[in-house]
>>> print(open('start-v5.csv').read())   # CSV, C-alpha atoms
chain,number,residue,atom,x,y,z
A,502,PRO,CA,-12.5,-20.3,20.6
A,503,ARG,CA,-9.1,-20.2,22.3
A,504,VAL,CA,-9.3,-17.1,24.4
A,505,ARG,CA,-7.2,-16.7,27.5
A,506,ILE,CA,-6.1,-14.3,30.2
A,507,LEU,CA,-3.1,-12.2,29.1
A,508,SER,CA,0.2,-13.1,30.7
A,509,MET,CA,2.6,-10.5,32.1
A,510,ASN,CA,4.5,-10.1,28.9
A,511,ARG,CA,1.3,-9.3,27.1
A,512,ARG,CA,0.6,-6.7,29.8
A,513,ASN,CA,4.0,-5.2,29.2
A,514,PHE,CA,3.1,-4.9,25.5
A,515,LEU,CA,-0.2,-3.2,26.2
A,516,SER,CA,1.3,-0.9,28.7
A,517,LYS,CA,3.0,0.8,25.7
A,518,VAL,CA,-0.4,2.1,24.7
A,519,GLY,CA,-1.2,3.3,28.2
A,520,LEU,CA,-3.4,0.4,29.4
A,521,THR,CA,-3.6,-0.8,33.0
A,522,MET,CA,-4.9,-4.4,33.4
A,523,ALA,CA,-6.2,-6.8,36.0
A,524,ALA,CA,-7.1,-10.3,35.1
A,525,THR,CA,-10.7,-11.4,35.7
A,526,LEU,CA,-13.4,-13.7,34.3
A,527,VAL,CA,-16.5,-12.2,32.7
A,528,SER,CA,-19.5,-14.5,31.9
A,529,GLY,CA,-17.3,-17.6,32.1
A,530,VAL,CA,-15.0,-16.5,29.3
A,531,ALA,CA,-11.3,-15.8,30.1
A,532,GLN,CA,-10.5,-12.2,29.4
A,533,ALA,CA,-8.3,-9.4,30.6
A,534,ALA,CA,-10.1,-6.6,32.1
A,535,LEU,CA,-8.8,-3.0,32.0
A,536,VAL,CA,-9.5,0.0,34.1
A,537,SER,CA,-11.9,1.4,31.5
A,538,SER,CA,-12.2,-1.4,28.9
A,539,SER,CA,-11.2,-5.0,28.2
A,540,VAL,CA,-8.6,-6.8,26.1
A,541,VAL,CA,-8.7,-10.4,24.9
A,542,GLU,CA,-6.2,-12.5,23.0
A,543,TYR,CA,-7.4,-15.0,20.4
A,544,THR,CA,-5.4,-17.8,18.9
A,545,GLY,CA,-6.3,-19.2,15.5
A,546,THR,CA,-7.8,-22.7,15.4
A,547,GLY,CA,-6.7,-23.8,12.0
A,548,THR,CA,-10.2,-23.8,10.7
A,549,ASP,CA,-12.7,-21.0,10.0
A,550,ASP,CA,-12.3,-18.5,12.8
A,551,THR,CA,-14.7,-15.9,11.5
A,552,THR,CA,-17.6,-16.3,13.9
A,553,ALA,CA,-15.5,-16.6,17.0
A,554,LEU,CA,-13.3,-13.6,16.2
A,555,GLN,CA,-16.2,-11.4,15.2
A,556,GLN,CA,-18.0,-12.1,18.5
A,557,LEU,CA,-14.9,-11.0,20.4
A,558,LEU,CA,-14.5,-7.8,18.3
A,559,ASN,CA,-18.2,-7.0,18.9
A,560,SER,CA,-17.8,-7.2,22.7
A,561,ASN,CA,-14.2,-6.0,23.4
A,562,PRO,CA,-12.5,-2.7,22.4
A,563,TYR,CA,-9.1,-4.5,22.0
A,564,VAL,CA,-8.6,-7.9,20.4
A,565,ILE,CA,-5.1,-9.3,20.0
A,566,ILE,CA,-4.6,-12.2,17.5
A,567,LYS,CA,-2.0,-14.9,17.8
A,568,GLY,CA,-0.9,-17.5,15.3
A,569,GLN,CA,-2.9,-17.7,12.0
A,570,VAL,CA,-6.5,-16.7,12.1
A,571,ARG,CA,-8.6,-17.8,9.1
A,572,VAL,CA,-11.6,-15.7,8.2
A,573,THR,CA,-14.0,-15.1,5.3
A,574,SER,CA,-14.5,-11.4,6.3
A,575,ILE,CA,-14.5,-9.6,9.6
A,576,THR,CA,-15.5,-6.1,10.7
A,577,VAL,CA,-13.7,-4.1,13.3
A,578,PRO,CA,-16.6,-2.2,15.0
A,579,ALA,CA,-16.5,1.6,15.5
A,580,GLY,CA,-13.8,2.8,17.8
A,581,LYS,CA,-12.2,-0.7,18.3
A,582,ARG,CA,-8.8,-2.1,17.6
A,583,LEU,CA,-7.6,-5.4,16.1
A,584,ILE,CA,-3.9,-5.8,16.7
A,585,SER,CA,-1.1,-8.4,17.2
A,586,TYR,CA,2.2,-8.3,19.1
A,587,ALA,CA,4.1,-10.2,16.4
A,588,SER,CA,7.3,-8.6,15.2
A,589,HIS,CA,7.0,-9.9,11.5
A,590,GLY,CA,10.8,-9.5,11.6
A,591,SER,CA,11.5,-12.5,9.5
A,592,ILE,CA,10.0,-11.0,6.3
A,593,LYS,CA,12.9,-9.9,4.3
A,594,ASN,CA,13.7,-8.2,1.0
A,595,SER,CA,15.7,-11.4,0.2
A,596,TYR,CA,16.9,-12.1,-3.4
A,597,GLY,CA,17.1,-15.8,-3.9
A,598,GLN,CA,15.6,-16.9,-0.5
A,599,SER,CA,12.6,-19.2,-0.7
A,600,PRO,CA,9.4,-17.9,0.9
A,601,ALA,CA,9.7,-20.7,3.5
A,602,SER,CA,13.1,-19.5,4.6
A,603,ASN,CA,12.1,-15.9,5.0
A,604,GLY,CA,9.0,-16.8,7.0
A,605,MET,CA,6.2,-15.2,4.8
A,606,ALA,CA,4.1,-18.4,4.7
A,607,SER,CA,4.0,-18.9,8.5
A,608,GLN,CA,3.8,-15.5,10.2
A,609,ASN,CA,2.5,-15.1,13.7
A,610,GLY,CA,-0.3,-12.5,14.0
A,611,THR,CA,-1.7,-13.3,10.6
A,612,ILE,CA,-5.2,-13.1,9.2
A,613,VAL,CA,-5.7,-15.5,6.3
A,614,GLY,CA,-8.5,-14.4,3.9
A,615,ILE,CA,-10.3,-17.6,2.8
A,616,SER,CA,-13.0,-15.9,0.7
A,617,GLN,CA,-12.8,-13.7,-2.4
A,618,SER,CA,-16.4,-12.4,-2.2
A,619,GLN,CA,-15.9,-9.4,0.2
A,620,PRO,CA,-13.0,-7.5,1.8
A,621,THR,CA,-11.1,-9.6,4.4
A,622,VAL,CA,-11.0,-6.8,7.0
A,623,LYS,CA,-13.5,-4.0,7.1
A,624,LEU,CA,-13.0,-1.0,9.3
A,625,ASN,CA,-15.9,0.9,10.8
A,626,GLU,CA,-15.8,4.5,12.0
A,627,GLY,CA,-12.8,5.3,14.2
A,628,SER,CA,-11.4,1.7,14.2
A,629,THR,CA,-7.8,0.6,13.8
A,630,VAL,CA,-6.0,-2.5,12.5
A,631,GLU,CA,-2.4,-2.6,13.6
A,632,ASN,CA,0.6,-4.8,13.2
A,633,ILE,CA,-1.4,-7.4,11.4
A,634,TYR,CA,-0.1,-9.6,8.5
A,635,VAL,CA,-3.0,-10.2,6.0
A,636,LEU,CA,-2.4,-13.1,3.6
A,637,ASN,CA,-4.8,-14.2,0.8
A,638,SER,CA,-5.2,-17.9,0.9
A,639,GLN,CA,-5.5,-17.7,-2.9
A,640,HIS,CA,-1.8,-16.9,-3.2
A,641,GLN,CA,0.6,-19.9,-3.4
A,642,PHE,CA,4.2,-19.3,-2.4
A,643,GLY,CA,6.6,-20.8,-4.9
A,644,ILE,CA,4.6,-20.2,-8.0
A,645,ASP,CA,3.7,-17.0,-9.9
A,646,ASN,CA,0.0,-16.6,-9.7
A,647,SER,CA,0.0,-12.9,-9.2
A,648,CYS,CA,-2.1,-12.3,-12.3
A,649,SER,CA,-5.1,-14.1,-10.7
A,650,TRP,CA,-5.0,-12.3,-7.3
A,651,GLN,CA,-8.5,-11.2,-6.3
A,652,ASN,CA,-10.3,-9.3,-3.6
A,653,THR,CA,-9.5,-6.4,-1.2
A,654,ALA,CA,-7.5,-7.0,2.0
A,655,ILE,CA,-8.5,-3.9,4.1
A,656,SER,CA,-11.5,-1.7,3.4
A,657,PHE,CA,-12.4,1.6,5.1
A,658,GLN,CA,-16.1,1.6,5.8
A,659,GLY,CA,-16.3,4.8,7.9
A,660,ASP,CA,-14.5,8.0,8.8
A,661,ASP,CA,-11.3,8.3,10.9
A,662,CYS,CA,-10.1,4.7,10.4
A,663,THR,CA,-6.4,3.7,10.6
A,664,VAL,CA,-4.2,1.1,9.1
A,665,ARG,CA,-0.9,1.0,11.0
A,666,ASN,CA,2.2,-1.1,10.5
A,667,CYS,CA,0.5,-3.9,8.5
A,668,TRP,CA,1.7,-6.3,5.8
A,669,VAL,CA,-0.6,-7.5,2.9
A,670,ILE,CA,0.3,-10.3,0.4
A,671,GLY,CA,-1.6,-11.7,-2.5
A,672,TYR,CA,-4.6,-9.4,-3.1
A,673,ASP,CA,-5.8,-7.5,-6.1
A,674,GLN,CA,-6.2,-4.4,-3.8
A,675,GLY,CA,-4.3,-3.9,-0.6
A,676,VAL,CA,-6.1,-1.0,1.1
A,677,SER,CA,-9.2,0.8,-0.2
A,678,ALA,CA,-10.9,3.9,1.2
A,679,VAL,CA,-14.0,5.3,-0.6
A,680,ASN,CA,-16.1,8.4,0.3
A,681,VAL,CA,-14.8,8.7,3.9
A,682,GLN,CA,-13.1,11.5,5.9
A,683,ARG,CA,-9.6,11.5,7.4
A,684,PRO,CA,-8.5,8.0,6.5
A,685,THR,CA,-4.9,7.2,7.6
A,686,VAL,CA,-2.5,4.6,6.3
A,687,ASP,CA,0.7,4.8,8.4
A,688,GLY,CA,3.1,2.0,7.8
A,689,PHE,CA,2.0,-0.4,5.1
A,690,LYS,CA,4.2,-3.0,3.3
A,691,GLY,CA,3.2,-5.7,0.9
A,692,ASP,CA,2.7,-7.2,-2.5
A,693,CYS,CA,-0.6,-6.7,-4.2
A,694,THR,CA,-1.7,-6.0,-7.8
A,695,ASN,CA,-2.8,-2.6,-6.5
A,696,GLY,CA,-1.5,-1.0,-3.3
A,697,VAL,CA,-3.5,1.8,-1.8
A,698,HIS,CA,-6.6,3.5,-3.3
A,699,PHE,CA,-8.2,6.6,-1.9
A,700,HIS,CA,-11.4,7.8,-3.7
A,701,ASP,CA,-13.5,10.9,-2.8
A,702,ILE,CA,-11.6,11.6,0.4
A,703,ARG,CA,-12.6,14.7,2.5
A,704,ASP,CA,-10.9,16.6,5.2
A,705,VAL,CA,-7.4,15.4,4.5
A,706,GLY,CA,-6.4,11.8,3.8
A,707,ARG,CA,-2.9,10.6,4.9
A,708,ILE,CA,-0.7,7.9,3.2
A,709,ASN,CA,2.6,7.5,5.0
A,710,ASN,CA,5.4,5.0,5.1
A,711,VAL,CA,4.4,2.6,2.3
A,712,HIS,CA,6.7,0.0,0.7
A,713,LEU,CA,5.3,-2.1,-2.2
A,714,TRP,CA,7.6,-4.7,-3.7
A,715,SER,CA,7.3,-8.2,-5.2
A,716,PHE,CA,7.7,-10.1,-1.9
A,717,GLY,CA,5.4,-12.8,-2.9
A,718,THR,CA,7.2,-14.0,-6.0
A,719,ILE,CA,10.8,-12.9,-5.7
A,720,SER,CA,12.4,-16.4,-5.3
A,721,ILE,CA,10.6,-18.1,-8.2
A,722,ALA,CA,12.7,-19.5,-11.0
A,723,ASP,CA,12.9,-17.8,-14.4
A,724,ASN,CA,10.0,-18.7,-16.7
A,725,ALA,CA,7.5,-16.9,-18.9
A,726,GLY,CA,5.2,-16.0,-16.1
A,727,CYS,CA,1.9,-14.2,-16.1
A,728,ASN,CA,3.4,-10.7,-15.9
A,729,GLY,CA,6.0,-11.1,-18.6
A,730,PRO,CA,8.4,-11.8,-20.0
A,731,PHE,CA,10.1,-8.4,-19.6
A,732,GLY,CA,13.6,-10.0,-19.8
A,733,ALA,CA,14.9,-13.1,-18.0
A,734,GLY,CA,13.0,-13.6,-14.8
A,735,SER,CA,11.7,-10.1,-14.7
A,736,HIS,CA,8.1,-11.2,-14.8
A,737,ILE,CA,8.2,-12.2,-11.1
A,738,LEU,CA,8.9,-8.5,-10.2
A,739,ARG,CA,6.2,-6.9,-12.4
A,740,ARG,CA,2.7,-5.8,-11.2
A,741,ASN,CA,0.2,-4.7,-13.8
A,742,GLY,CA,-1.7,-2.3,-11.4
A,743,MET,CA,-1.0,0.9,-9.5
A,744,GLY,CA,1.0,1.3,-6.4
A,745,VAL,CA,-0.9,4.3,-5.0
A,746,LYS,CA,-4.1,5.7,-6.7
A,747,LEU,CA,-5.9,8.9,-5.8
A,748,THR,CA,-9.2,9.5,-7.6
A,749,GLY,CA,-12.0,12.0,-7.1
A,750,ILE,CA,-12.0,14.8,-4.6
A,751,ASN,CA,-9.0,13.9,-2.3
A,752,ASP,CA,-9.4,17.1,-0.3
A,753,TRP,CA,-5.8,18.0,0.7
A,754,THR,CA,-4.6,14.4,0.7
A,755,MET,CA,-1.0,14.0,1.7
A,756,VAL,CA,1.3,11.2,0.5
A,757,ARG,CA,4.8,10.8,2.0
A,758,PHE,CA,7.6,8.2,2.2
A,759,VAL,CA,6.2,5.9,-0.4
A,760,PHE,CA,8.3,3.4,-2.4
A,761,THR,CA,6.9,1.3,-5.2
A,762,TYR,CA,8.8,-1.2,-7.4
A,763,GLY,CA,7.6,-2.9,-10.6
A,764,TYR,CA,4.2,-1.3,-10.9
A,765,ASN,CA,2.7,-0.3,-14.2
A,766,TYR,CA,1.9,3.0,-12.5
A,767,GLY,CA,3.8,4.0,-9.3
A,768,LEU,CA,1.4,6.8,-8.4
A,769,VAL,CA,-1.8,7.9,-10.2
A,770,LEU,CA,-4.0,10.9,-9.6
A,771,VAL,CA,-7.3,11.3,-11.5
A,772,ASP,CA,-9.5,14.3,-10.8
A,773,ALA,CA,-7.6,15.0,-7.5
A,774,ALA,CA,-6.9,18.5,-6.3
A,775,ASN,CA,-4.7,20.1,-3.6
A,776,VAL,CA,-2.6,17.0,-3.2
A,777,THR,CA,0.9,17.0,-1.8
A,778,ILE,CA,3.3,14.1,-2.7
A,779,ALA,CA,6.6,14.3,-0.9
A,780,GLN,CA,9.8,12.3,-0.4
A,781,CYS,CA,8.6,9.4,-2.5
A,782,ALA,CA,10.4,7.1,-5.0
A,783,PHE,CA,9.0,5.0,-7.8
A,784,ASP,CA,11.3,2.4,-9.4
A,785,ASN,CA,10.7,-0.3,-12.0
A,786,ILE,CA,12.4,-3.1,-13.9
A,787,ASN,CA,15.5,-1.9,-15.6
A,788,ILE,CA,16.0,-3.7,-18.9
A,789,HIS,CA,19.2,-3.1,-20.7
A,790,ASN,CA,19.9,-3.1,-24.5
A,791,ASP,CA,22.3,-5.9,-25.1
A,792,ASP,CA,24.1,-3.9,-27.8
A,793,THR,CA,24.6,-0.6,-26.0
A,794,GLY,CA,24.1,-1.5,-22.4
A,795,PHE,CA,21.8,1.5,-22.1
A,796,PRO,CA,18.8,1.1,-19.8
A,797,VAL,CA,15.5,1.3,-21.6
A,798,GLY,CA,13.1,1.1,-18.7
A,799,SER,CA,9.8,-0.8,-18.5
A,800,SER,CA,7.6,-0.5,-21.5
A,801,ASN,CA,4.4,1.6,-21.0
A,802,ALA,CA,5.1,2.1,-17.3
A,803,VAL,CA,4.5,5.5,-15.7
A,804,GLY,CA,6.2,6.7,-12.5
A,805,VAL,CA,3.7,9.4,-11.7
A,806,GLY,CA,0.6,9.9,-13.8
A,807,ILE,CA,-1.7,12.9,-13.4
A,808,TYR,CA,-5.0,12.8,-15.3
A,809,GLY,CA,-8.5,14.2,-15.7
A,810,ASN,CA,-9.3,17.4,-13.8
A,811,SER,CA,-6.4,17.1,-11.4
A,812,TRP,CA,-5.0,20.5,-10.4
A,813,ASN,CA,-2.8,22.2,-7.8
A,814,ILE,CA,-0.7,19.1,-7.4
A,815,ARG,CA,2.7,19.4,-5.7
A,816,LEU,CA,5.5,17.0,-6.1
A,817,SER,CA,8.5,17.5,-3.8
A,818,GLN,CA,11.7,15.4,-3.4
A,819,ILE,CA,10.6,12.8,-5.8
A,820,THR,CA,12.7,10.1,-7.6
A,821,VAL,CA,11.5,8.1,-10.6
A,822,ALA,CA,13.5,5.5,-12.4
A,823,ALA,CA,13.2,2.8,-15.1
A,824,HIS,CA,9.7,3.5,-16.4
A,825,GLN,CA,8.8,4.5,-19.9
A,826,TYR,CA,7.6,7.9,-18.7
A,827,GLY,CA,8.9,9.5,-15.6
A,828,ILE,CA,6.1,12.0,-14.9
A,829,TYR,CA,3.1,12.1,-17.3
A,830,ALA,CA,0.6,14.9,-16.8
A,831,HIS,CA,-2.4,14.8,-19.1
A,832,THR,CA,-5.2,16.9,-17.7
A,833,LEU,CA,-8.5,18.1,-19.2
A,834,TYR,CA,-7.7,21.9,-19.1
A,835,THR,CA,-4.8,24.1,-19.8
A,836,GLY,CA,-5.3,25.8,-16.4
A,837,ASN,CA,-4.5,22.6,-14.5
A,838,THR,CA,-1.3,23.0,-12.6
A,839,VAL,CA,1.5,20.8,-11.3
A,840,ASP,CA,4.4,22.2,-9.2
A,841,MET,CA,7.6,20.2,-8.8
A,842,ASP,CA,10.7,20.8,-6.8
A,843,GLN,CA,13.8,18.5,-6.2
A,844,VAL,CA,12.7,15.9,-8.7
A,845,HIS,CA,15.2,13.4,-10.2
A,846,ILE,CA,14.2,11.2,-13.2
A,847,PHE,CA,16.6,8.7,-14.7
A,848,ASP,CA,16.9,5.6,-16.8
A,849,CYS,CA,13.5,5.9,-18.4
A,850,ARG,CA,12.6,4.3,-21.7
A,851,SER,CA,11.4,7.4,-23.6
A,852,HIS,CA,10.4,10.6,-21.7
A,853,GLY,CA,11.3,12.4,-18.5
A,854,VAL,CA,8.3,14.8,-18.1
A,855,VAL,CA,5.3,15.0,-20.4
A,856,ALA,CA,2.8,17.8,-20.1
A,857,ILE,CA,-0.4,17.6,-22.2
A,858,LYS,CA,-2.5,20.7,-21.6
A,859,THR,CA,-1.1,20.8,-18.1
A,860,GLN,CA,1.0,23.7,-16.8
A,861,VAL,CA,4.1,22.2,-15.1
A,862,LYS,CA,6.4,24.4,-13.1
A,863,TYR,CA,9.6,23.1,-11.6
A,864,SER,CA,12.7,24.0,-9.6
A,865,GLN,CA,15.7,21.7,-9.2
A,866,LEU,CA,14.6,19.2,-11.8
A,867,ARG,CA,17.3,16.7,-12.9
A,868,ILE,CA,16.8,14.3,-15.8
A,869,THR,CA,19.5,11.8,-16.8
A,870,ARG,CA,19.8,8.9,-19.2
A,871,VAL,CA,16.4,9.6,-20.8
A,872,PRO,CA,16.0,10.1,-24.6
A,873,ILE,CA,13.4,12.9,-24.5
A,874,GLN,CA,13.7,14.9,-21.4
A,875,LEU,CA,10.7,17.3,-21.7
A,876,SER,CA,7.7,17.1,-24.0
A,877,GLU,CA,5.0,19.8,-24.3
A,878,LEU,CA,1.8,18.9,-26.2
A,879,GLN,CA,-1.7,20.5,-26.8
A,880,GLY,CA,-0.9,23.7,-24.9
A,881,GLY,CA,1.0,22.0,-22.1
A,882,THR,CA,4.0,23.8,-20.7
A,883,ILE,CA,7.1,22.8,-18.6
A,884,ARG,CA,8.8,25.9,-17.2
A,885,PRO,CA,11.1,26.7,-14.4
A,886,GLN,CA,9.6,28.5,-11.4
>>> encode(input="start-v5.csv", output="structure tokens")
Amino acid sequence: PRVRILSMNRRNFLSKVGLTMAATLVSGVAQAALVSSSVVEYTGTGTDDTTALQQLLNSNPYVIIKGQVRVTSITVPAGKRLISYASHGSIKNSYGQSPASNGMASQNGTIVGISQSQPTVKLNEGSTVENIYVLNSQHQFGIDNSCSWQNTAISFQGDDCTVRNCWVIGYDQGVSAVNVQRPTVDGFKGDCTNGVHFHDIRDVGRINNVHLWSFGTISIADNAGCNGPFGAGSHILRRNGMGVKLTGINDWTMVRFVFTYGYNYGLVLVDAANVTIAQCAFDNINIHNDDTGFPVGSSNAVGVGIYGNSWNIRLSQITVAAHQYGIYAHTLYTGNTVDMDQVHIFDCRSHGVVAIKTQVKYSQLRITRVPIQLSELQGGTIRPQ
């Protein structure tokens, strides 16, 4: 494998995380030794890098990748970090630009997943993946194959794992955390059928700074693609899954600064309790009636969906636009509660807020350009605080 001593500019990068380095050779392999640990840099070979990269991760607390690294599946061992120093600055929200021109197909610091049988990156207890661009080899830029995306990009396999400032393109599931404690997603951008899924999370999960948008297909020409048509060209913007999904316990999970666009469900909670959602926005494809010019929103899409035995849910500073339903709360029992403050819903196809059995209380609720603003069914209520 291409492993080398870190140059001075690499040392400057690592000094930002408080590391002091001195170059050395260990067992004949070029590495960078630290005062208390070691750091190595690995450059992708253009072939299957799985074995070589895994060996470095097993024996070094910090591994920095350069170029494009192709793997079937790799595991970041407990307490270790997989990072890159790439800026990923050329990925842009660029209407009309081809994927080649905005750099998505050739990013430095990229892990390319070449197998669909298991997650591309698995995080063991206390490990971190940071500033990495994860691309599914199954995705082909320039065509719309988003309906056939498979696999999970990043999977939490233990407690206290972190995803920080990562991009993911072309997967069925971007990030998945199941039955772990204190998972953290802090800075996650990408285009997947489903974005972030937390299931049975204990002792506070954190989802922060997430941006999910159709980066992978934006420049494709109008045609009847796999996600449509929902109007001319709109199929390339639509994702049939869920932006953020919280299922099961989710003990005091906190979600903040999330933006989703084009998802069938922006945010979904099922059997979740004591969850706070703050300063988030959920947008969708805005289809206009040719006769009236009035926006009708995306058919069957839900901005925020609250289901099952979800209770004590708080929504604060939330914006929902262009779905069929802005906020749809259908819980099992009439005692299930949702509190909302500073919520704005507009341009939805049919309903602003729906409460089925659920007790919804609100302050500063604004609903505009929506045919049915409030709907109470089966004992559900929507009342001011």
>>> closest_residue(input="start-v5.csv", among="A:Val577, A:Val821, A:Ile655, A:Ala678", to="Asp784 of chain A", atoms="all atoms listed in the file")
A:Val821
>>> atom_distance(input="start-v5.csv", atom1="atom CA of Ser560 of chain A", atom2="atom CA of Gly614 of chain A")
22.2 Å
>>> closest_residue(input="start-v5.csv", among="A:Thr754, A:Gln555, A:Gln886, A:Ser677", to="Val705 of chain A", atoms="all atoms listed in the file")
A:Thr754
>>> closest_residue(input="start-v5.csv", among="A:Ala822, A:Val803, A:Ala587, A:Val570", to="Asn637 of chain A", atoms="all atoms listed in the file")
A:Val570
>>> residues_around(input="start-v5.csv", residues="segment 837-845 of chain A", least_positions_apart="4", cutoff="10 Å", atoms="only C-alpha atoms", output="ChimeraX atom specification")
/A:774-782,807-822,827-828,830-833,853,856,858-869,881-886
>>> residues_near_point(input="start-v5.csv", point="(-14.8, -13.6, -1.3)", cutoff="10 Å", atoms="only C-alpha atoms", output="list in words")
Thr573, Ser574, Gly614, Ile615, Ser616, Gln617, Ser618, Gln619, Pro620, Thr621, Gln651, Asn652 and Thr653 of chain A
>>> write_last_selection(input="start-v5.csv", atoms="C-alpha atoms", output="PDB file, keeping the file's coordinate frame")
ATOM      1  CA  THR A 573     -14.000 -15.100   5.300  1.00  0.00           C
ATOM      2  CA  SER A 574     -14.500 -11.400   6.300  1.00  0.00           C
ATOM      3  CA  GLY A 614      -8.500 -14.400   3.900  1.00  0.00           C
ATOM      4  CA  ILE A 615     -10.300 -17.600   2.800  1.00  0.00           C
ATOM      5  CA  SER A 616     -13.000 -15.900   0.700  1.00  0.00           C
ATOM      6  CA  GLN A 617     -12.800 -13.700  -2.400  1.00  0.00           C
ATOM      7  CA  SER A 618     -16.400 -12.400  -2.200  1.00  0.00           C
ATOM      8  CA  GLN A 619     -15.900  -9.400   0.200  1.00  0.00           C
ATOM      9  CA  PRO A 620     -13.000  -7.500   1.800  1.00  0.00           C
ATOM     10  CA  THR A 621     -11.100  -9.600   4.400  1.00  0.00           C
ATOM     11  CA  GLN A 651      -8.500 -11.200  -6.300  1.00  0.00           C
ATOM     12  CA  ASN A 652     -10.300  -9.300  -3.600  1.00  0.00           C
ATOM     13  CA  THR A 653      -9.500  -6.400  -1.200  1.00  0.00           C
TER      14      THR A 653
END
>>> atom_distance(input="start-v5.csv", atom1="atom CA of Tyr586 of chain A", atom2="atom CA of Gly643 of chain A")
27.4 Å
>>> atom_distance(input="start-v5.csv", atom1="atom CA of Gly804 of chain A", atom2="atom CA of Gln674 of chain A")
18.8 Å
